[in-house]
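Asks: File name query_20.cif; file contents mmCIF, C-alpha atoms and all ligand atoms; full text below.
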```cif
data_model
#
loop_
_atom_site.label_atom_id
_atom_site.label_comp_id
_atom_site.auth_asym_id
_atom_site.auth_seq_id
_atom_site.Cartn_x
_atom_site.Cartn_y
_atom_site.Cartn_z
CA MET M 1 -11.68 24.62 0.51
CA LEU M 2 -8.15 24.37 1.81
CA PHE M 3 -6.80 21.82 4.21
CA GLY M 4 -4.07 22.17 6.81
CA LYS M 5 -1.83 24.98 7.96
CA HIS M 6 -0.39 27.75 5.78
CA TRP M 7 3.08 29.22 5.59
CA LYS M 8 4.26 32.17 3.58
CA SER M 9 7.64 31.75 1.91
CA HIS M 10 10.01 34.64 1.09
CA HIS M 11 8.84 34.59 -2.53
CA LYS M 12 5.17 34.81 -1.72
CA MET M 13 4.78 31.15 -2.52
CA LYS M 14 2.44 29.51 -0.07
CA ILE M 15 2.78 25.97 1.18
CA VAL M 16 0.04 23.78 2.54
CA ILE M 17 0.41 20.28 3.96
CA ASP M 18 -2.48 17.88 3.36
CA GLU M 19 -3.89 17.18 6.80
CA ASN M 20 -5.28 13.83 5.62
CA ALA M 21 -1.87 12.57 4.46
CA GLY M 22 0.23 10.08 6.36
CA PRO M 23 0.31 6.34 6.80
CA CYS M 24 -2.89 4.34 7.00
CA PRO M 25 -3.71 2.75 10.37
CA GLY M 26 -2.33 -0.64 9.20
CA VAL M 27 1.10 0.74 8.30
CA LYS M 28 1.24 2.95 11.42
CA ARG M 29 0.55 -0.10 13.55
CA ALA M 30 3.23 -2.13 11.74
CA ILE M 31 5.84 0.55 12.38
CA ARG M 32 4.85 0.85 16.04
CA LEU M 33 5.03 -2.93 16.44
CA ALA M 34 8.44 -3.11 14.74
CA GLU M 35 9.83 -0.32 16.94
CA LYS M 36 8.44 -1.92 20.09
CA ASN M 37 10.07 -5.24 19.23
CA LEU M 38 13.34 -3.62 18.23
CA MET M 39 13.56 -2.10 21.69
CA ARG M 40 13.35 -5.60 23.17
CA SER M 41 15.62 -7.46 20.78
CA SER M 42 17.57 -6.68 17.68
CA PRO M 43 18.01 -7.59 14.87
CA LEU M 44 14.49 -8.11 13.69
CA TYR M 45 14.01 -9.68 10.27
CA ALA M 46 11.16 -8.52 8.05
CA LEU M 47 9.80 -10.43 5.09
CA GLY M 48 10.07 -7.66 2.55
CA PRO M 49 10.06 -3.91 3.23
CA ILE M 50 7.47 -3.10 5.91
CA ILE M 51 6.78 0.26 4.30
CA HIS M 52 7.60 1.33 0.73
CA ASN M 53 9.55 4.32 1.82
CA LYS M 54 13.32 4.43 1.68
CA PRO M 55 14.12 7.09 4.32
CA GLU M 56 11.73 5.48 6.79
CA LEU M 57 13.33 2.08 6.15
CA GLU M 58 16.78 3.58 6.71
CA ARG M 59 15.59 5.00 10.02
CA LEU M 60 14.30 1.57 11.09
CA SER M 61 17.38 -0.21 9.77
CA LYS M 62 19.54 1.90 12.11
CA LYS M 63 17.45 0.47 14.94
CA GLY M 64 18.18 -3.08 13.78
CA LEU M 65 15.53 -3.95 11.21
CA ASP M 66 16.87 -6.23 8.50
CA ILE M 67 14.88 -6.87 5.32
CA LEU M 68 14.83 -10.36 3.82
CA ASP M 69 13.77 -11.28 0.30
CA GLN M 70 10.31 -12.79 0.74
CA ALA M 71 10.37 -14.55 -2.67
CA GLU M 72 13.58 -16.32 -1.72
CA ILE M 73 11.99 -17.71 1.44
CA GLU M 74 8.78 -18.60 -0.48
CA ASN M 75 10.96 -20.62 -2.88
CA GLY M 76 12.59 -22.42 0.01
CA ASP M 77 16.06 -20.96 -0.64
CA ASN M 78 18.53 -19.91 2.06
CA LEU M 79 16.23 -20.94 4.88
CA GLU M 80 19.08 -20.58 7.37
CA LYS M 81 18.30 -16.86 7.19
CA ILE M 82 15.03 -17.44 9.06
CA TYR M 83 16.06 -20.32 11.30
CA HIS M 84 15.31 -19.40 14.93
CA LYS M 85 15.04 -15.73 13.98
CA ASN M 86 12.57 -13.04 15.04
CA LEU M 87 10.50 -12.59 11.90
CA PHE M 88 8.26 -9.66 11.22
CA ILE M 89 5.22 -10.14 8.98
CA ARG M 90 4.22 -6.83 7.44
CA SER M 91 0.72 -5.40 7.00
CA HIS M 92 0.25 -7.13 3.58
CA GLY M 93 0.16 -10.53 5.31
CA ILE M 94 1.51 -13.85 4.04
CA SER M 95 0.11 -17.15 2.78
CA PRO M 96 -0.66 -19.96 5.24
CA GLN M 97 1.91 -22.09 3.37
CA LEU M 98 4.65 -19.56 4.04
CA GLU M 99 3.54 -19.22 7.66
CA ARG M 100 3.93 -22.99 8.05
CA ARG M 101 7.42 -22.84 6.53
CA LEU M 102 8.43 -20.12 9.00
CA GLU M 103 7.11 -22.13 11.91
CA GLU M 104 8.87 -25.28 10.72
CA ASN M 105 12.07 -23.29 10.82
CA HIS M 106 11.38 -22.24 14.41
CA ALA M 107 11.06 -18.57 13.55
CA GLN M 108 9.39 -16.36 16.19
CA LEU M 109 6.62 -14.55 14.34
CA ILE M 110 5.67 -10.96 14.97
CA ASP M 111 2.52 -10.57 12.95
CA ALA M 112 1.61 -7.08 11.74
CA THR M 113 -0.89 -8.29 9.14
CA CYS M 114 -3.55 -5.58 8.93
CA GLY M 115 -6.92 -6.65 10.31
CA LYS M 116 -8.56 -5.62 7.04
CA VAL M 117 -6.26 -7.93 5.05
CA LYS M 118 -6.96 -10.74 7.51
CA ARG M 119 -10.65 -10.28 6.80
CA VAL M 120 -10.10 -10.78 3.04
CA GLN M 121 -7.99 -13.87 3.75
CA LYS M 122 -10.86 -15.35 5.78
CA VAL M 123 -13.50 -14.56 3.16
CA ILE M 124 -11.40 -16.28 0.48
CA GLN M 125 -10.78 -19.31 2.69
CA ASN M 126 -14.49 -19.70 3.54
CA TYR M 127 -15.71 -19.54 -0.04
CA TYR M 128 -12.88 -21.68 -1.40
CA ARG M 129 -13.83 -24.40 1.07
CA LYS M 130 -17.40 -24.19 -0.22
CA GLY M 131 -16.13 -24.91 -3.74
CA TYR M 132 -16.24 -21.38 -5.16
CA GLN M 133 -14.03 -20.10 -7.94
CA ILE M 134 -12.02 -17.26 -6.38
CA VAL M 135 -11.45 -14.09 -8.38
CA ILE M 136 -9.19 -11.44 -6.88
CA ALA M 137 -9.25 -8.00 -8.44
CA GLY M 138 -5.72 -6.76 -7.92
CA LYS M 139 -2.14 -6.72 -9.08
CA LYS M 140 -0.40 -9.99 -9.87
CA GLY M 141 2.69 -10.49 -7.74
CA HIS M 142 1.70 -7.83 -5.19
CA PRO M 143 2.66 -9.29 -1.77
CA GLU M 144 -0.86 -8.93 -0.41
CA VAL M 145 -2.25 -10.79 -3.45
CA VAL M 146 0.43 -13.50 -3.17
CA GLY M 147 -0.65 -13.99 0.44
CA LEU M 148 -4.37 -14.01 -0.45
CA LEU M 149 -3.83 -16.64 -3.14
CA GLY M 150 -2.41 -18.95 -0.50
CA TYR M 151 -5.85 -19.02 1.14
CA CYS M 152 -7.26 -20.78 -1.93
CA ASP M 153 -4.25 -23.05 -2.50
CA ASN M 154 -3.06 -20.74 -5.26
CA ASN M 155 -6.10 -21.61 -7.35
CA GLY M 156 -7.49 -18.07 -7.48
CA ILE M 157 -7.63 -15.94 -10.61
CA VAL M 158 -6.03 -12.51 -10.29
CA ILE M 159 -7.55 -9.87 -12.55
CA SER M 160 -5.94 -6.49 -12.95
CA ASP M 161 -7.84 -5.56 -16.08
CA THR M 162 -11.20 -6.48 -17.63
CA ALA M 163 -9.32 -7.77 -20.73
CA GLU M 164 -8.06 -10.70 -18.65
CA MET M 165 -11.47 -11.97 -17.60
CA SER M 166 -11.74 -14.71 -20.21
CA ARG M 167 -9.82 -16.89 -17.73
CA ILE M 168 -12.89 -17.01 -15.51
CA ASP M 169 -15.08 -20.11 -15.83
CA PRO M 170 -18.63 -18.77 -16.33
CA LEU M 171 -20.19 -22.03 -15.12
CA LYS M 172 -18.69 -21.98 -11.63
CA LYS M 173 -20.02 -20.41 -8.44
CA THR M 174 -17.77 -17.41 -8.02
CA LEU M 175 -16.50 -15.06 -5.33
CA LEU M 176 -15.05 -11.68 -6.28
CA VAL M 177 -12.88 -9.82 -3.76
CA SER M 178 -10.37 -7.05 -4.19
CA GLN M 179 -6.85 -6.29 -3.07
CA THR M 180 -7.36 -3.74 -0.29
CA THR M 181 -5.50 -0.97 -2.12
CA LEU M 182 -7.24 -1.31 -5.48
CA SER M 183 -8.96 1.77 -6.88
CA LYS M 184 -12.73 1.79 -6.64
CA THR M 185 -13.02 2.59 -10.36
CA LYS M 186 -10.99 -0.45 -11.32
CA PHE M 187 -12.99 -2.67 -9.00
CA ASN M 188 -16.29 -1.40 -10.40
CA GLU M 189 -15.16 -2.08 -13.98
CA ILE M 190 -14.25 -5.65 -13.06
CA ARG M 191 -17.47 -6.11 -11.11
CA GLU M 192 -19.65 -4.85 -13.99
CA LYS M 193 -17.95 -7.19 -16.46
CA LEU M 194 -18.24 -10.13 -14.07
CA LEU M 195 -21.97 -9.55 -13.75
CA THR M 196 -22.29 -9.99 -17.52
CA LEU M 197 -20.33 -13.27 -17.39
CA ILE M 198 -21.71 -15.02 -14.32
CA GLU M 199 -25.10 -15.36 -12.75
CA ASN M 200 -25.22 -14.22 -9.12
CA PRO M 201 -21.54 -14.06 -8.22
CA VAL M 202 -20.77 -13.26 -4.57
CA ILE M 203 -19.22 -9.82 -4.63
CA ASN M 204 -17.25 -8.67 -1.65
CA ASP M 205 -15.83 -5.19 -2.03
CA THR M 206 -12.79 -5.52 0.20
CA ILE M 207 -11.17 -2.23 -0.74
CA CYS M 208 -9.85 -0.60 2.42
CA LYS M 209 -12.10 2.23 3.59
CA HIS M 210 -9.06 4.29 4.42
CA ILE M 211 -7.88 4.08 0.81
CA ASN M 212 -11.38 4.66 -0.48
CA GLY M 213 -12.16 7.86 1.35
CA ARG M 214 -8.60 8.95 0.80
CA HIS M 215 -9.08 9.10 -2.97
CA GLU M 216 -11.84 11.69 -2.70
CA GLN M 217 -9.96 13.75 -0.12
CA LEU M 218 -6.87 13.69 -2.30
CA ALA M 219 -8.79 14.73 -5.41
CA GLN M 220 -10.18 17.72 -3.47
CA PHE M 221 -6.75 18.63 -2.14
CA ALA M 222 -5.15 18.37 -5.61
CA ASN M 223 -7.83 20.68 -6.92
CA SER M 224 -7.30 23.25 -4.21
CA VAL M 225 -3.62 23.98 -5.00
CA ASP M 226 -1.61 25.26 -8.00
CA VAL M 227 1.22 22.75 -7.74
CA LEU M 228 1.03 19.42 -5.98
CA LEU M 229 3.92 17.38 -4.62
CA LEU M 230 3.11 13.78 -3.82
CA ILE M 231 5.75 12.16 -1.66
CA GLY M 232 5.93 8.40 -1.83
CA GLY M 233 8.15 5.46 -2.63
CA LYS M 234 8.89 4.63 -6.25
CA GLU M 235 7.94 1.01 -5.66
CA SER M 236 4.75 1.68 -3.75
CA SER M 237 1.71 0.66 -5.78
CA ASN M 238 -0.48 2.82 -3.55
CA THR M 239 1.60 5.88 -4.47
CA GLY M 240 1.06 5.03 -8.15
CA VAL M 241 -2.71 4.91 -7.74
CA LEU M 242 -2.72 8.19 -5.79
CA PHE M 243 -0.50 9.88 -8.35
CA ASP M 244 -2.92 9.02 -11.17
CA ILE M 245 -5.69 10.73 -9.19
CA CYS M 246 -3.54 13.82 -8.57
CA LYS M 247 -2.53 14.10 -12.23
CA LYS M 248 -6.12 13.85 -13.37
CA GLU M 249 -7.22 16.60 -11.00
CA ASN M 250 -4.17 18.78 -11.34
CA PRO M 251 -1.71 18.42 -14.26
CA ASP M 252 0.92 20.27 -12.21
CA SER M 253 1.39 17.29 -9.92
CA TYR M 254 4.78 15.75 -9.27
CA ARG M 255 5.69 12.47 -7.64
CA ILE M 256 8.88 12.56 -5.62
CA GLU M 257 10.66 10.44 -3.06
CA SER M 258 12.77 13.17 -1.44
CA PRO M 259 13.36 16.95 -1.58
CA ALA M 260 16.46 16.38 -3.76
CA GLU M 261 14.20 15.64 -6.74
CA ILE M 262 12.35 18.96 -6.58
CA GLU M 263 12.95 21.24 -9.58
CA LYS M 264 12.61 25.00 -9.37
CA LYS M 265 10.92 25.25 -12.77
CA TRP M 266 7.81 23.54 -11.37
CA PHE M 267 6.86 26.67 -9.42
CA HIS M 268 5.84 30.26 -10.10
CA THR M 269 5.70 33.19 -7.73
CA ASP M 270 2.43 33.29 -5.79
CA ASP M 271 1.77 29.60 -6.36
CA LEU M 272 -0.02 27.69 -3.66
CA VAL M 273 1.97 24.48 -3.29
CA GLY M 274 0.31 21.45 -1.75
CA ILE M 275 2.33 18.69 -0.11
CA THR M 276 0.82 15.29 0.36
CA GLY M 277 1.89 11.68 0.75
CA SER M 278 0.84 8.12 0.14
CA ALA M 279 -0.30 5.58 2.72
CA SER M 280 3.35 4.79 3.33
CA THR M 281 4.74 8.30 3.72
CA PRO M 282 5.47 9.30 7.31
CA LEU M 283 4.49 12.86 8.26
CA TRP M 284 8.07 13.83 9.06
CA GLN M 285 8.86 13.55 5.34
CA LEU M 286 6.11 16.00 4.39
CA GLU M 287 7.50 18.45 6.94
CA ALA M 288 10.99 17.98 5.47
CA VAL M 289 9.77 18.92 1.97
CA SER M 290 7.98 21.96 3.35
CA THR M 291 11.14 23.08 5.17
CA PHE M 292 13.17 22.54 2.00
CA LEU M 293 10.77 24.63 -0.11
CA LYS M 294 10.72 27.45 2.39
CA SER M 295 14.49 27.61 2.58
CA SER M 296 15.40 27.18 -1.07
CA LEU M 297 12.75 28.71 -3.32
S1 LIG B 1 -5.87 -2.54 4.50
FE1 LIG B 1 -5.94 -0.32 4.67
S2 LIG B 1 -5.31 0.15 6.77
FE2 LIG B 1 -4.70 -1.96 6.30
S3 LIG B 1 -2.59 -1.79 5.59
FE3 LIG B 1 -3.92 -1.80 3.78
S4 LIG B 1 -4.29 0.39 3.36
FE4 LIG B 1 -3.52 0.23 5.45
#
```
Can you turn what I pasted into structure tokens?

Replies:
Amino acid sequence: MLFGKHWKSHHKMKIVIDENAGPCPGVKRAIRLAEKNLMRSSPLYALGPIIHNKPELERLSKKGLDILDQAEIENGDNLEKIYHKNLFIRSHGISPQLERRLEENHAQLIDATCGKVKRVQKVIQNYYRKGYQIVIAGKKGHPEVVGLLGYCDNNGIVISDTAEMSRIDPLKKTLLVSQTTLSKTKFNEIREKLLTLIENPVINDTICKHINGRHEQLAQFANSVDVLLLIGGKESSNTGVLFDICKKENPDSYRIESPAEIEKKWFHTDDLVGITGSASTPLWQLEAVSTFLKSSL
């Protein structure tokens, strides 16, 4: 089954854009909120890139969005950069400790933390207060995970691989949650291993439904085309997860950030080329790649 609209190029190559691609609701909301605030007052300072997508950030930067180094502020360095400033909190969220620091420095907060991330923060806080050992399946250092850890006073254990699970105390009451963008497979591996280590852990699968369903849709889309182009930021961990799925389904999958990286040798006459994007790729970038292919191949 094919998804989306079809175009015929001059060389009989066909192009199809994945109709399920595009930013997730949390990122879309963050961009809308940033644009709305930029119309009122500029500059607006964001703690880290609000979307892992260079061209989109350039577009927002022209409107007055300035990106600060979140780690620097977490460390308490150069706090004059946030003093009395309009500060934008991206969809990944931040720790309560950092939020306090921002408030102490009289920053005006514009909070775009995704509701789904807020839910994980609350679950962690509730169980931590009840004395549970907190295990977060996710990537160490990922901004969402850094924020989540703050909700258990940085006493949580972050597990990105089952090999690291010896750090878990098998005698403690335990809560397992996941970073919202973790792959279901990874989470299941960690869950299965945890069940062999601990009796009755509380397991809260907090993987975002958007990401979840997206994996299956993407696998189907990758299967339905000859060549697949996945457009997404080099630093986006979500793009990395999606690219692994594409590669597995279709070896002729390529991960690019912009049309300039496309190589002619990837394509053959009559190929059906699929264009898709990660949760942080705006639709206008998929259209740009399609236009590029139609005009240059
Ligand atoms: S939790 Fe889901 S909807 Fe929210 S920002 Fe993350 S991927 Fe997007």

Asks: Write out as a list in words the residues lying within 8 Å of M:Val120, counting only C-alpha atoms and excluding same-chain residues fewer than 3 positions away.

Replies: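 In the requested form, the answer reads Lys116, Val117, Val123, Ile124, Leu148, Val177 and Thr206 of chain M.
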
Asks: Could the residues in this selection be saved with C-alpha atoms as an mmCIF file, in the frame of the given file?

Replies:
```cif
data_model
loop_
_atom_site.group_PDB
_atom_site.id
_atom_site.type_symbol
_atom_site.label_atom_id
_atom_site.label_comp_id
_atom_site.auth_asym_id
_atom_site.auth_seq_id
_atom_site.Cartn_x
_atom_site.Cartn_y
_atom_site.Cartn_z
ATOM 1 C CA LYS M 116 -8.560 -5.620 7.040
ATOM 2 C CA VAL M 117 -6.260 -7.930 5.050
ATOM 3 C CA VAL M 123 -13.500 -14.560 3.160
ATOM 4 C CA ILE M 124 -11.400 -16.280 0.480
ATOM 5 C CA LEU M 148 -4.370 -14.010 -0.450
ATOM 6 C CA VAL M 177 -12.880 -9.820 -3.760
ATOM 7 C CA THR M 206 -12.790 -5.520 0.200
#
```

Asks: Taking all atoms listed in the file into account, produce a table as a tab-separated table in which each residue of stretch 37-118 of chain M with an atom at most 12 Å from an atom of stretch 258-277 of chain M appears once, together with its shortest atom pair and the distance in Å to one decimal, ordered by chain and rising number.

Replies:
```
residue	atom	partner	partner_atom	distance
M:His52	CA	M:Gly277	CA	11.8
M:Asn53	CA	M:Ser258	CA	10.0
M:Lys54	CA	M:Ser258	CA	9.3
M:Pro55	CA	M:Ser258	CA	8.5
M:Glu56	CA	M:Ser258	CA	11.3
```

Asks: Per residue of chain M within 6 Å of ligand LIG 1 (chain B), record the nearest atom pair and its distance in Å to one decimal, counting only C-alpha atoms and all ligand atoms, with rows in chain order and ascending residue number, as a Markdown table.

Replies:
```
| residue | atom | partner | partner_atom | distance |
| --- | --- | --- | --- | --- |
| M:Cys24 | CA | B:LIG1 | FE4 | 4.4 |
| M:Pro25 | CA | B:LIG1 | S2 | 4.7 |
| M:Gly26 | CA | B:LIG1 | S3 | 3.8 |
| M:Val27 | CA | B:LIG1 | S3 | 5.2 |
| M:Ser91 | CA | B:LIG1 | S3 | 5.1 |
| M:Cys114 | CA | B:LIG1 | FE2 | 4.6 |
| M:Lys116 | CA | B:LIG1 | S1 | 4.8 |
| M:Val117 | CA | B:LIG1 | S1 | 5.4 |
| M:Thr180 | CA | B:LIG1 | S1 | 5.2 |
| M:Thr181 | CA | B:LIG1 | S4 | 5.8 |
| M:Cys208 | CA | B:LIG1 | FE1 | 4.5 |
| M:His210 | CA | B:LIG1 | FE1 | 5.6 |
| M:Ile211 | CA | B:LIG1 | S4 | 5.7 |
```

Asks: For atom CA of M:Thr281 and atom CA of M:Ser224, quote the distance in Å rounded to one decimal.

Replies: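 Value for the atom CA of M:Thr281-atom CA of M:Ser224 distance: 20.8 Å.
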
Asks: Name the closest residue to M:Arg119 among the candidates M:Glu72, M:Asp205, M:Glu104, M:Asp153; distances are taken between atoms, counting all atoms listed in the file.

Replies: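 Of M:Glu72, M:Asp205, M:Glu104, M:Asp153, the one nearest M:Arg119, counting all atoms listed in the file, is M:Asp205.
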
Asks: Grab the atom CA of M:Leu182 to atom CA of M:Gly138 distance for me, in Å with one decimal place.

Replies: 6.2 Å

Asks: Quick one: pull the distance between atom CA of M:Cys246 and atom CA of M:Leu229, Å, one decimal.

Replies: 9.2 Å

Asks: Using only C-alpha atoms for the distances, tell me which of M:Asn250, M:Asn86, M:Asn188, M:Ser183 is nearest to M:Lys209.

Replies: M:Ser183
